[in-house]
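Note: the block below is my_file.txt and it holds compact mmCIF, C-alpha atoms and all ligand atoms.
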# COMPACT_ATOMS: atom_id res chain seq x y z
CA MET Q 1 0.00 0.00 0.00
CA SER Q 2 1.30 3.46 -0.81
CA ASP Q 3 2.05 5.85 2.03
CA ALA Q 4 -0.92 7.83 3.23
CA LEU Q 5 -0.67 11.61 3.15
CA LEU Q 6 -2.74 11.73 6.32
CA GLU Q 7 -3.79 8.83 8.47
CA ALA Q 8 -6.18 8.86 11.43
CA ARG Q 9 -5.93 5.96 13.83
CA GLY Q 10 -8.47 5.23 16.55
CA LEU Q 11 -9.59 8.82 17.17
CA GLU Q 12 -11.95 9.33 20.07
CA ILE Q 13 -13.58 12.40 21.57
CA ARG Q 14 -16.80 13.00 23.44
CA PHE Q 15 -18.60 16.19 24.31
CA GLY Q 16 -20.68 15.49 27.40
CA GLY Q 17 -22.83 12.52 26.42
CA VAL Q 18 -22.17 12.89 22.68
CA VAL Q 19 -19.52 10.70 21.09
CA ALA Q 20 -18.30 12.91 18.23
CA ALA Q 21 -15.43 10.58 17.30
CA ASP Q 22 -15.72 6.91 18.12
CA ASP Q 23 -12.69 5.00 16.86
CA VAL Q 24 -12.23 6.97 13.64
CA ASN Q 25 -9.78 5.32 11.24
CA LEU Q 26 -9.08 6.81 7.81
CA ARG Q 27 -6.27 6.97 5.27
CA ILE Q 28 -6.09 9.89 2.88
CA GLU Q 29 -3.95 9.14 -0.17
CA GLU Q 30 -1.98 11.83 -1.97
CA GLY Q 31 -3.74 13.08 -5.11
CA ARG Q 32 -7.06 11.36 -4.33
CA ASN Q 33 -9.69 13.99 -3.51
CA LEU Q 34 -11.91 12.74 -0.71
CA ALA Q 35 -15.49 13.76 0.03
CA ILE Q 36 -16.84 13.30 3.55
CA ILE Q 37 -20.60 12.79 3.71
CA GLY Q 38 -22.99 11.90 6.52
CA PRO Q 39 -25.97 13.14 8.50
CA ASN Q 40 -25.94 16.28 10.69
CA GLY Q 41 -24.06 15.77 13.93
CA ALA Q 42 -22.19 12.69 12.63
CA GLY Q 43 -18.79 14.18 13.53
CA LYS Q 44 -17.53 15.41 10.16
CA THR Q 45 -16.45 18.86 11.34
CA THR Q 46 -15.03 17.33 14.50
CA PHE Q 47 -12.77 15.17 12.33
CA LEU Q 48 -11.47 18.24 10.46
CA ASN Q 49 -10.93 20.00 13.80
CA ILE Q 50 -8.87 17.09 15.11
CA CYS Q 51 -6.76 16.85 11.92
CA THR Q 52 -5.94 20.56 12.11
CA GLY Q 53 -5.12 20.55 15.83
CA TRP Q 54 -8.12 22.62 16.98
CA ILE Q 55 -9.48 19.73 19.03
CA LYS Q 56 -7.26 17.24 20.82
CA PRO Q 57 -8.73 13.72 20.83
CA THR Q 58 -8.78 11.80 24.11
CA ARG Q 59 -7.44 8.79 22.23
CA GLY Q 60 -5.89 8.08 18.87
CA THR Q 61 -3.32 9.52 16.53
CA VAL Q 62 -3.16 11.71 13.44
CA LEU Q 63 -0.16 11.01 11.22
CA PHE Q 64 0.78 13.46 8.47
CA ARG Q 65 3.38 12.09 6.06
CA GLY Q 66 4.02 9.39 8.66
CA LYS Q 67 4.73 11.84 11.52
CA ASP Q 68 2.54 12.15 14.61
CA VAL Q 69 0.95 15.63 14.60
CA THR Q 70 -1.87 14.90 17.08
CA ARG Q 71 -0.58 17.14 19.86
CA LEU Q 72 0.87 19.95 17.73
CA ALA Q 73 -0.57 23.47 17.82
CA PRO Q 74 -2.77 24.35 14.81
CA ARG Q 75 -0.19 26.72 13.33
CA ASP Q 76 2.53 24.06 13.48
CA ILE Q 77 0.24 21.65 11.65
CA VAL Q 78 -0.35 24.34 8.99
CA ARG Q 79 3.43 24.74 8.64
CA ARG Q 80 3.76 21.01 7.96
CA GLY Q 81 1.32 21.35 5.06
CA VAL Q 82 -2.24 20.89 6.28
CA ALA Q 83 -4.47 23.90 5.50
CA ARG Q 84 -8.10 24.51 6.31
CA ALA Q 85 -10.91 26.45 4.67
CA PHE Q 86 -14.06 27.29 6.57
CA GLN Q 87 -17.77 27.27 5.80
CA ILE Q 88 -17.71 31.05 6.15
CA PRO Q 89 -14.58 32.46 4.48
CA GLN Q 90 -12.18 33.89 7.06
CA LEU Q 91 -11.14 37.01 5.17
CA PHE Q 92 -10.43 40.60 6.16
CA THR Q 93 -13.44 41.98 4.34
CA GLU Q 94 -12.43 45.67 4.36
CA HIS Q 95 -9.15 44.77 2.65
CA THR Q 96 -8.78 43.91 -1.02
CA ALA Q 97 -8.37 40.37 -2.30
CA MET Q 98 -4.67 41.04 -2.97
CA GLU Q 99 -4.15 42.47 0.52
CA ASN Q 100 -5.68 39.31 1.98
CA MET Q 101 -3.23 37.26 -0.09
CA LEU Q 102 -0.29 39.36 1.06
CA ILE Q 103 -1.35 39.02 4.70
CA ALA Q 104 -1.36 35.22 4.21
CA ALA Q 105 2.04 35.37 2.51
CA SER Q 106 3.50 37.35 5.41
CA ALA Q 107 2.02 34.82 7.85
CA ARG Q 108 3.88 32.14 5.90
CA THR Q 109 7.22 33.92 5.86
CA GLY Q 110 6.85 35.20 9.42
CA ARG Q 111 7.74 38.71 8.22
CA GLN Q 112 5.37 41.21 9.76
CA SER Q 113 5.03 44.42 7.82
CA PRO Q 114 2.58 47.29 8.01
CA LEU Q 115 0.09 47.23 5.16
CA LEU Q 116 1.78 50.14 3.35
CA ASP Q 117 5.01 48.20 2.76
CA MET Q 118 3.10 45.02 2.08
CA HIS Q 119 2.34 45.98 -1.51
CA ASP Q 120 6.07 45.82 -2.31
CA MET Q 121 6.44 42.30 -0.98
CA PRO Q 122 8.41 39.93 -3.23
CA GLU Q 123 5.55 37.42 -2.96
CA ARG Q 124 3.19 39.76 -4.80
CA GLU Q 125 3.60 38.06 -8.20
CA GLU Q 126 3.14 34.62 -6.73
CA MET Q 127 -0.04 35.83 -4.97
CA ALA Q 128 -1.31 37.34 -8.24
CA ARG Q 129 -0.80 33.93 -9.89
CA LEU Q 130 -2.83 32.22 -7.17
CA LEU Q 131 -5.67 34.72 -7.59
CA GLU Q 132 -5.53 34.08 -11.33
CA MET Q 133 -5.69 30.31 -10.71
CA VAL Q 134 -9.02 30.72 -8.91
CA GLY Q 135 -10.31 33.14 -11.56
CA CYS Q 136 -10.24 36.18 -9.25
CA ASP Q 137 -7.38 38.20 -10.77
CA ARG Q 138 -9.86 40.74 -12.16
CA VAL Q 139 -11.10 41.58 -8.67
CA ALA Q 140 -7.67 41.57 -6.98
CA ASP Q 141 -7.89 45.25 -6.05
CA ARG Q 142 -11.50 45.29 -4.90
CA PRO Q 143 -12.37 45.15 -1.20
CA VAL Q 144 -13.60 41.66 -0.36
CA VAL Q 145 -16.82 43.08 1.12
CA GLU Q 146 -17.90 44.14 -2.41
CA LEU Q 147 -17.51 40.64 -3.91
CA SER Q 148 -19.99 37.79 -4.28
CA GLU Q 149 -20.09 34.89 -1.81
CA GLY Q 150 -18.74 32.61 -4.57
CA GLN Q 151 -15.78 34.92 -5.17
CA ARG Q 152 -15.12 35.08 -1.43
CA LYS Q 153 -15.05 31.27 -1.27
CA LEU Q 154 -12.52 31.15 -4.11
CA ILE Q 155 -10.34 33.86 -2.57
CA ASP Q 156 -10.45 31.96 0.73
CA ILE Q 157 -9.05 28.94 -1.15
CA ALA Q 158 -6.34 31.11 -2.76
CA VAL Q 159 -5.42 32.35 0.75
CA ALA Q 160 -5.13 28.72 1.90
CA LEU Q 161 -2.93 27.97 -1.15
CA ALA Q 162 -0.66 30.88 -0.20
CA LEU Q 163 0.42 28.72 2.75
CA LYS Q 164 1.69 26.09 0.26
CA PRO Q 165 -0.17 23.14 1.74
CA ALA Q 166 -0.07 19.54 0.53
CA LEU Q 167 -3.53 18.87 1.94
CA LEU Q 168 -6.51 21.22 2.14
CA LEU Q 169 -9.45 20.39 4.39
CA MET Q 170 -12.68 22.19 3.45
CA ASP Q 171 -15.93 22.23 5.39
CA GLU Q 172 -18.82 22.48 2.90
CA PRO Q 173 -16.95 24.63 0.36
CA THR Q 174 -20.09 25.44 -1.65
CA SER Q 175 -22.47 26.18 1.23
CA GLY Q 176 -24.09 29.59 1.04
CA VAL Q 177 -23.58 29.70 -2.73
CA ALA Q 178 -26.58 29.60 -5.09
CA SER Q 179 -27.00 26.07 -6.49
CA SER Q 180 -26.57 27.41 -10.04
CA GLU Q 181 -23.07 28.61 -9.07
CA LYS Q 182 -21.97 25.56 -7.04
CA PHE Q 183 -20.63 23.46 -9.90
CA GLU Q 184 -18.76 26.37 -11.43
CA ILE Q 185 -17.06 27.09 -8.10
CA MET Q 186 -16.15 23.45 -7.51
CA GLU Q 187 -14.82 23.22 -11.07
CA ILE Q 188 -12.47 26.19 -10.54
CA LEU Q 189 -11.51 25.04 -7.08
CA VAL Q 190 -10.70 21.42 -7.95
CA LYS Q 191 -8.70 22.50 -11.02
CA ALA Q 192 -6.71 25.04 -9.00
CA LEU Q 193 -5.92 22.48 -6.30
CA GLY Q 194 -4.84 19.96 -8.94
CA ARG Q 195 -2.50 22.51 -10.53
CA ALA Q 196 -1.05 23.33 -7.11
CA ASP Q 197 -0.59 19.59 -6.30
CA VAL Q 198 -2.87 19.88 -3.30
CA THR Q 199 -5.01 16.94 -2.19
CA ALA Q 200 -8.53 18.05 -1.23
CA VAL Q 201 -10.78 16.74 1.52
CA PHE Q 202 -14.22 18.28 1.54
CA VAL Q 203 -17.32 17.82 3.64
CA GLU Q 204 -20.29 18.01 1.27
CA HIS Q 205 -24.05 17.65 1.46
CA ASP Q 206 -24.68 17.94 -2.29
CA MET Q 207 -24.38 14.46 -3.81
CA GLY Q 208 -24.11 15.88 -7.34
CA ILE Q 209 -20.91 17.62 -6.28
CA VAL Q 210 -19.63 14.45 -4.59
CA GLU Q 211 -20.29 12.38 -7.70
CA ASN Q 212 -18.48 14.83 -9.97
CA TYR Q 213 -15.54 16.00 -7.90
CA ALA Q 214 -14.53 13.27 -5.44
CA ASP Q 215 -12.20 10.36 -6.21
CA GLU Q 216 -13.09 8.72 -2.89
CA VAL Q 217 -15.97 9.06 -0.44
CA ALA Q 218 -16.01 8.39 3.29
CA VAL Q 219 -19.38 8.07 5.01
CA TRP Q 220 -19.60 9.32 8.57
CA ASN Q 221 -22.21 8.04 10.99
CA ALA Q 222 -22.46 8.49 14.77
CA GLY Q 223 -18.82 9.54 15.13
CA ALA Q 224 -17.29 6.81 12.97
CA VAL Q 225 -16.41 6.02 9.36
CA GLN Q 226 -19.20 3.70 8.31
CA MET Q 227 -18.06 3.08 4.76
CA ARG Q 228 -15.39 4.08 2.28
CA GLY Q 229 -15.20 3.72 -1.49
CA THR Q 230 -15.49 5.39 -4.87
CA PRO Q 231 -18.48 7.69 -5.51
CA GLN Q 232 -19.90 5.02 -7.84
CA GLU Q 233 -19.81 2.40 -5.06
CA ILE Q 234 -20.93 4.62 -2.21
CA LEU Q 235 -23.70 6.71 -3.74
CA LYS Q 236 -25.71 3.67 -4.84
CA HIS Q 237 -25.29 1.76 -1.57
CA PRO Q 238 -28.70 1.16 0.08
CA ASP Q 239 -27.45 2.18 3.57
CA VAL Q 240 -26.12 5.46 2.21
CA ILE Q 241 -29.34 6.11 0.30
CA ARG Q 242 -31.33 5.46 3.48
CA ASP Q 243 -29.12 7.27 6.05
CA VAL Q 244 -27.55 10.11 4.07
CA ILE Q 245 -29.09 10.79 0.68
CA GLY Q 246 -32.66 10.37 2.01
CA GLU Q 247 -31.90 12.98 4.67
CA GLU Q 248 -30.41 15.46 2.22
CA ILE Q 249 -33.48 15.27 -0.01
CA ALA Q 250 -35.99 15.36 2.89
N1 LIG Q 301 -17.09 21.96 20.82
C1 LIG Q 301 -18.17 21.20 21.04
N2 LIG Q 301 -18.78 21.17 22.25
C2 LIG Q 301 -19.85 20.38 22.46
N3 LIG Q 301 -20.39 19.57 21.54
C3 LIG Q 301 -19.84 19.54 20.33
C4 LIG Q 301 -18.68 20.36 20.01
N4 LIG Q 301 -18.35 20.12 18.71
C5 LIG Q 301 -19.23 19.21 18.25
N5 LIG Q 301 -20.11 18.86 19.22
C6 LIG Q 301 -21.17 17.84 19.06
O1 LIG Q 301 -20.57 16.70 18.49
C7 LIG Q 301 -21.42 16.11 17.49
C8 LIG Q 301 -20.70 16.11 16.16
O2 LIG Q 301 -20.63 17.45 15.68
P1 LIG Q 301 -20.00 17.88 14.29
O3 LIG Q 301 -20.07 19.35 14.25
O4 LIG Q 301 -18.66 17.26 14.15
O5 LIG Q 301 -21.02 17.21 13.27
P2 LIG Q 301 -21.11 17.38 11.68
O6 LIG Q 301 -21.08 16.00 11.11
O7 LIG Q 301 -20.10 18.34 11.21
O8 LIG Q 301 -22.59 17.96 11.49
P3 LIG Q 301 -23.16 19.01 10.40
O9 LIG Q 301 -23.47 18.21 9.16
O10 LIG Q 301 -24.43 19.50 11.04
O11 LIG Q 301 -22.17 20.10 10.20
C9 LIG Q 301 -22.69 16.93 17.51
O12 LIG Q 301 -23.62 16.28 18.35
C10 LIG Q 301 -22.26 18.26 18.10
O13 LIG Q 301 -23.34 18.89 18.75
MG MG Q 302 -20.20 20.21 10.29
What does the file become when written as structure tokens?
Ligand SMILES: Nc1ncnc2c1ncn2[C@@H]1O[C@H](COP(=O)(O)OP(=O)(O)OP(=O)(O)O)[C@@H](O)[C@H]1O
Ligand SMILES: [Mg+2]
Amino acid sequence: MSDALLEARGLEIRFGGVVAADDVNLRIEEGRNLAIIGPNGAGKTTFLNICTGWIKPTRGTVLFRGKDVTRLAPRDIVRRGVARAFQIPQLFTEHTAMENMLIAASARTGRQSPLLDMHDMPEREEMARLLEMVGCDRVADRPVVELSEGQRKLIDIAVALALKPALLLMDEPTSGVASSEKFEIMEILVKALGRADVTAVFVEHDMGIVENYADEVAVWNAGAVQMRGTPQEILKHPDVIRDVIGEEIA
């Protein structure tokens, strides 16, 4: 078996009486985009929080490129190559798209500079290329607050790419976007991640998106991985249709 990019072994965490992770085991292979599906409260976001260091499991281990990162601080996990995008983009909305990119670049290099000098940063061209990769170069100098939710999502991904990750974990990347725009956004996003050699993991409730953009699917249920396979195998499985797809349609 090839080496996993990220591997979760026996993760456990409870919140009061709720078991949010109950012996979670999962291998994420490099270059295989993985969708995480499952009913509300199944523990999908909790899994992303554990992988990025925001929640420490009471048991179990997260290995990234074979190294134990379970107890590292979130920013040290980011430095190793695991980035995170949120349901609501975490951008400085009064600043322009380019300024947001430059802030991310300075976080990466550790150089702190007041915004005035920031525009002369050597990373500027690289950041312009990333904005171009997500189709937002035309709005680089517009304040983020003036842009559409879809554009904000894409800029949030470009910001994550500025950290040069190998793995990007996304919690419902197309939520809050009109359904007519969802596919277009996923198309741009998946292409950009492929070009940047970044493996994507995304939590998704829209099975059309899963079918089109995931190489693998993991089904979460009651804090555990219930099933794992290709979209073709998983989306037609009777248990998934009953427990997950039925719920999404209802
Ligand atoms: N920090 C927390 N404190 C207390 N309970 C929590 C915390 N985080 C998660 N939970 C609980 O753990 C369970 C799993 O939550 P989680 O957010 O991981 O589910 P999810 O699969 O992401 O659901 P959704 O599809 O609604 O986003 C839920 O019952 C939730 O209420
Ligand atoms: Mg969630």
Per residue of chain Q within 9 Å of ligand LIG 301 (chain Q), what are the shortest atom pair and its distance in Å to one decimal, counting all atoms listed in the file, with rows by chain and residue number, as a tab-separated table?
residue	atom	partner	partner_atom	distance
Q:Ile13	CA	Q:LIG301	O1	8.8
Q:Arg14	CA	Q:LIG301	O1	7.2
Q:Phe15	CA	Q:LIG301	N3	4.7
Q:Gly16	CA	Q:LIG301	C2	7.0
Q:Gly17	CA	Q:LIG301	N3	8.9
Q:Val18	CA	Q:LIG301	O12	5.7
Q:Val19	CA	Q:LIG301	O1	6.6
Q:Ala20	CA	Q:LIG301	O1	4.4
Q:Ala21	CA	Q:LIG301	C8	7.7
Q:Ile37	CA	Q:LIG301	O6	8.1
Q:Gly38	CA	Q:LIG301	O6	6.4
Q:Pro39	CA	Q:LIG301	O9	5.7
Q:Asn40	CA	Q:LIG301	O9	3.5
Q:Gly41	CA	Q:LIG301	O5	3.4
Q:Ala42	CA	Q:LIG301	O6	3.8
Q:Gly43	CA	Q:LIG301	O4	3.1
Q:Lys44	CA	Q:LIG301	O6	3.7
Q:Thr45	CA	Q:LIG301	O7	3.7
Q:Thr46	CA	Q:LIG301	O4	3.6
Q:Phe47	CA	Q:LIG301	O4	6.5
Q:Leu48	CA	Q:LIG301	O4	8.1
Q:Asn49	CA	Q:LIG301	O4	8.2
Q:Ile55	CA	Q:LIG301	N1	8.1
Q:Asp171	CA	Q:LIG301	O7	8.1
Q:Glu172	CA	Q:LIG301	O11	8.4
Q:Val203	CA	Q:LIG301	O7	8.1
Q:Glu204	CA	Q:LIG301	O9	8.5
Q:His205	CA	Q:LIG301	O9	7.7
Q:Trp220	CA	Q:LIG301	O6	7.3
Q:Asn221	CA	Q:LIG301	O6	8.0
Q:Ala222	CA	Q:LIG301	C8	7.9
Q:Gly223	CA	Q:LIG301	C8	6.9
Contact residues around Ile234 in chain Q with only C-alpha atoms at 9 Å, ignoring same-chain residues under 4 positions, as a list in words = Glu216, Val217, Ala218, Val219, Met227, Arg228, Gly229, Thr230, Pro238, Val240 and Ile241 of chain Q
Could you dump the residues just selected with C-alpha atoms as a PDB file, in the frame of the given file?
ATOM      1  CA  GLU Q 216     -13.090   8.720  -2.890  1.00  0.00           C
ATOM      2  CA  VAL Q 217     -15.970   9.060  -0.440  1.00  0.00           C
ATOM      3  CA  ALA Q 218     -16.010   8.390   3.290  1.00  0.00           C
ATOM      4  CA  VAL Q 219     -19.380   8.070   5.010  1.00  0.00           C
ATOM      5  CA  MET Q 227     -18.060   3.080   4.760  1.00  0.00           C
ATOM      6  CA  ARG Q 228     -15.390   4.080   2.280  1.00  0.00           C
ATOM      7  CA  GLY Q 229     -15.200   3.720  -1.490  1.00  0.00           C
ATOM      8  CA  THR Q 230     -15.490   5.390  -4.870  1.00  0.00           C
ATOM      9  CA  PRO Q 238     -28.700   1.160   0.080  1.00  0.00           C
ATOM     10  CA  VAL Q 240     -26.120   5.460   2.210  1.00  0.00           C
ATOM     11  CA  ILE Q 241     -29.340   6.110   0.300  1.00  0.00           C
TER      12      ILE Q 241
END
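The interatomic distance for the pair CA of Asp215 in chain Q and CA of Glu184 in chain Q works out to 18.1 Å.
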Length of the CA of Ala162 in chain Q to CA of Met101 in chain Q vector [Å] =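 Spanning CA of Ala162 in chain Q to CA of Met101 in chain Q is a straight-line distance of 6.9 Å.
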For CA of Phe183 in chain Q and CA of Asn212 in chain Q, the interatomic separation in Å (one decimal) |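 Between CA of Phe183 in chain Q and CA of Asn212 in chain Q the gap works out to 8.9 Å.
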Near-Ala105 in chain Q list (10 Å; all atoms listed in the file; drop same-chain fewer than 6 positions) as a PyMOL selection string = chain Q and resi 99+111-112+118+121-124+126-127+159-164
Can you tell me, as a list in words, which residues sit within 8 Å of (-0.7, 16.1, 3.8) in the file's frame, using all atoms listed in the file?
->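 With a cut-off of 8 Å, the residues come to Leu5, Leu6, Glu30, Phe64, Arg65, Arg80, Gly81, Val82, Pro165, Ala166, Leu167, Leu168 and Thr199 of chain Q.
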Nearest residue to ligand MG 302 (chain Q) from the set Q:Glu12, Q:Leu72, Q:His95, Q:Ile88 (distances using all atoms listed in the file) |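 For ligand MG 302 (chain Q), the nearest of the given residues is Q:Ile88.
By all atoms listed in the file, and with residues fewer than 2 positions from Arg75 in chain Q along its chain excluded, the set lying at most 12 Å from it is Cys51, Thr52, Gly53, Trp54, Val69, Arg71, Leu72, Ala73, Ile77, Val78, Arg79, Arg80, Gly81, Val82, Ala83, Arg84, Ala107, Arg108, Gly110 and Leu163 of chain Q.
In this comparison, which uses all atoms listed in the file, the residue of Q:Ala104, Q:Ile245, Q:Met170, Q:Val144 approaching ligand MG 302 (chain Q) most closely is Q:Met170.
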Could you check which of Q:Phe86, Q:Ile50, Q:Ala158, Q:Ala8 is closest to Ile103 in chain Q, using all atoms listed in the file?
->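 Residue with the minimum atom-to-atom distance to Ile103 in chain Q: Q:Ala158.
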Name all residues at most 10 Å from Gln151 in chain Q (count all atoms listed in the file; drop same-chain ones fewer than 6 positions away) and give them as a PDB file with C-alpha atoms, in the coordinates of the input.
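Result written to around.pdb:
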ATOM      1  CA  ALA Q  97      -8.370  40.370  -2.300  1.00  0.00           C
ATOM      2  CA  VAL Q 134      -9.020  30.720  -8.910  1.00  0.00           C
ATOM      3  CA  GLY Q 135     -10.310  33.140 -11.560  1.00  0.00           C
ATOM      4  CA  CYS Q 136     -10.240  36.180  -9.250  1.00  0.00           C
ATOM      5  CA  VAL Q 139     -11.100  41.580  -8.670  1.00  0.00           C
ATOM      6  CA  VAL Q 144     -13.600  41.660  -0.360  1.00  0.00           C
ATOM      7  CA  ILE Q 157      -9.050  28.940  -1.150  1.00  0.00           C
ATOM      8  CA  VAL Q 177     -23.580  29.700  -2.730  1.00  0.00           C
ATOM      9  CA  ILE Q 185     -17.060  27.090  -8.100  1.00  0.00           C
TER      10      ILE Q 185
END
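With distances taken over only C-alpha atoms and all ligand atoms, Q:Ser175 is the one residue among Q:Ile209, Q:Ser175, Q:Glu149, Q:Val24 lying closest to ligand MG 302 (chain Q).
For the set Q:Asp206, Q:Asp137, Q:Glu181, Q:Glu7, the residue with the smallest atom-to-atom gap to Asp68 in chain Q is Q:Glu7, counting only C-alpha atoms.
Among Q:Gln226, Q:Gly150, Q:Lys56, Q:Ile36, the residue with the shortest atom-to-atom distance to ligand MG 302 (chain Q), counting all atoms listed in the file, is Q:Ile36.
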Kindly write N, CA and C atoms of range 10-22 of chain Q from the structure just given to a file, as a PDB file, in the first residue's frame.
ATOM      1  N   GLY Q  10      -7.769   5.388  15.267  1.00  0.00           N
ATOM      2  CA  GLY Q  10      -8.470   5.226  16.548  1.00  0.00           C
ATOM      3  C   GLY Q  10      -8.836   6.509  17.270  1.00  0.00           C
ATOM      4  N   LEU Q  11      -9.272   7.539  16.526  1.00  0.00           N
ATOM      5  CA  LEU Q  11      -9.594   8.823  17.171  1.00  0.00           C
ATOM      6  C   LEU Q  11     -10.860   8.723  18.014  1.00  0.00           C
ATOM      7  N   GLU Q  12     -10.769   9.274  19.205  1.00  0.00           N
ATOM      8  CA  GLU Q  12     -11.947   9.330  20.073  1.00  0.00           C
ATOM      9  C   GLU Q  12     -12.060  10.681  20.744  1.00  0.00           C
ATOM     10  N   ILE Q  13     -13.288  11.203  20.779  1.00  0.00           N
ATOM     11  CA  ILE Q  13     -13.578  12.404  21.574  1.00  0.00           C
ATOM     12  C   ILE Q  13     -15.061  12.422  21.900  1.00  0.00           C
ATOM     13  N   ARG Q  14     -15.380  12.786  23.125  1.00  0.00           N
ATOM     14  CA  ARG Q  14     -16.803  13.004  23.437  1.00  0.00           C
ATOM     15  C   ARG Q  14     -17.006  14.395  24.003  1.00  0.00           C
ATOM     16  N   PHE Q  15     -18.197  14.904  23.748  1.00  0.00           N
ATOM     17  CA  PHE Q  15     -18.604  16.190  24.312  1.00  0.00           C
ATOM     18  C   PHE Q  15     -19.801  15.895  25.196  1.00  0.00           C
ATOM     19  N   GLY Q  16     -19.609  15.898  26.501  1.00  0.00           N
ATOM     20  CA  GLY Q  16     -20.685  15.490  27.401  1.00  0.00           C
ATOM     21  C   GLY Q  16     -21.087  14.070  27.046  1.00  0.00           C
ATOM     22  N   GLY Q  17     -22.374  13.870  26.748  1.00  0.00           N
ATOM     23  CA  GLY Q  17     -22.833  12.521  26.425  1.00  0.00           C
ATOM     24  C   GLY Q  17     -22.679  12.174  24.952  1.00  0.00           C
ATOM     25  N   VAL Q  18     -22.226  13.140  24.132  1.00  0.00           N
ATOM     26  CA  VAL Q  18     -22.170  12.894  22.685  1.00  0.00           C
ATOM     27  C   VAL Q  18     -20.797  12.358  22.293  1.00  0.00           C
ATOM     28  N   VAL Q  19     -20.792  11.212  21.591  1.00  0.00           N
ATOM     29  CA  VAL Q  19     -19.522  10.696  21.091  1.00  0.00           C
ATOM     30  C   VAL Q  19     -19.334  11.241  19.673  1.00  0.00           C
ATOM     31  N   ALA Q  20     -18.473  12.254  19.540  1.00  0.00           N
ATOM     32  CA  ALA Q  20     -18.300  12.913  18.235  1.00  0.00           C
ATOM     33  C   ALA Q  20     -17.260  12.189  17.389  1.00  0.00           C
ATOM     34  N   ALA Q  21     -16.347  11.464  18.025  1.00  0.00           N
ATOM     35  CA  ALA Q  21     -15.426  10.580  17.302  1.00  0.00           C
ATOM     36  C   ALA Q  21     -15.323   9.295  18.111  1.00  0.00           C
ATOM     37  N   ASP Q  22     -15.639   8.195  17.437  1.00  0.00           N
ATOM     38  CA  ASP Q  22     -15.725   6.908  18.120  1.00  0.00           C
ATOM     39  C   ASP Q  22     -14.901   5.888  17.327  1.00  0.00           C
TER      40      ASP Q  22
END
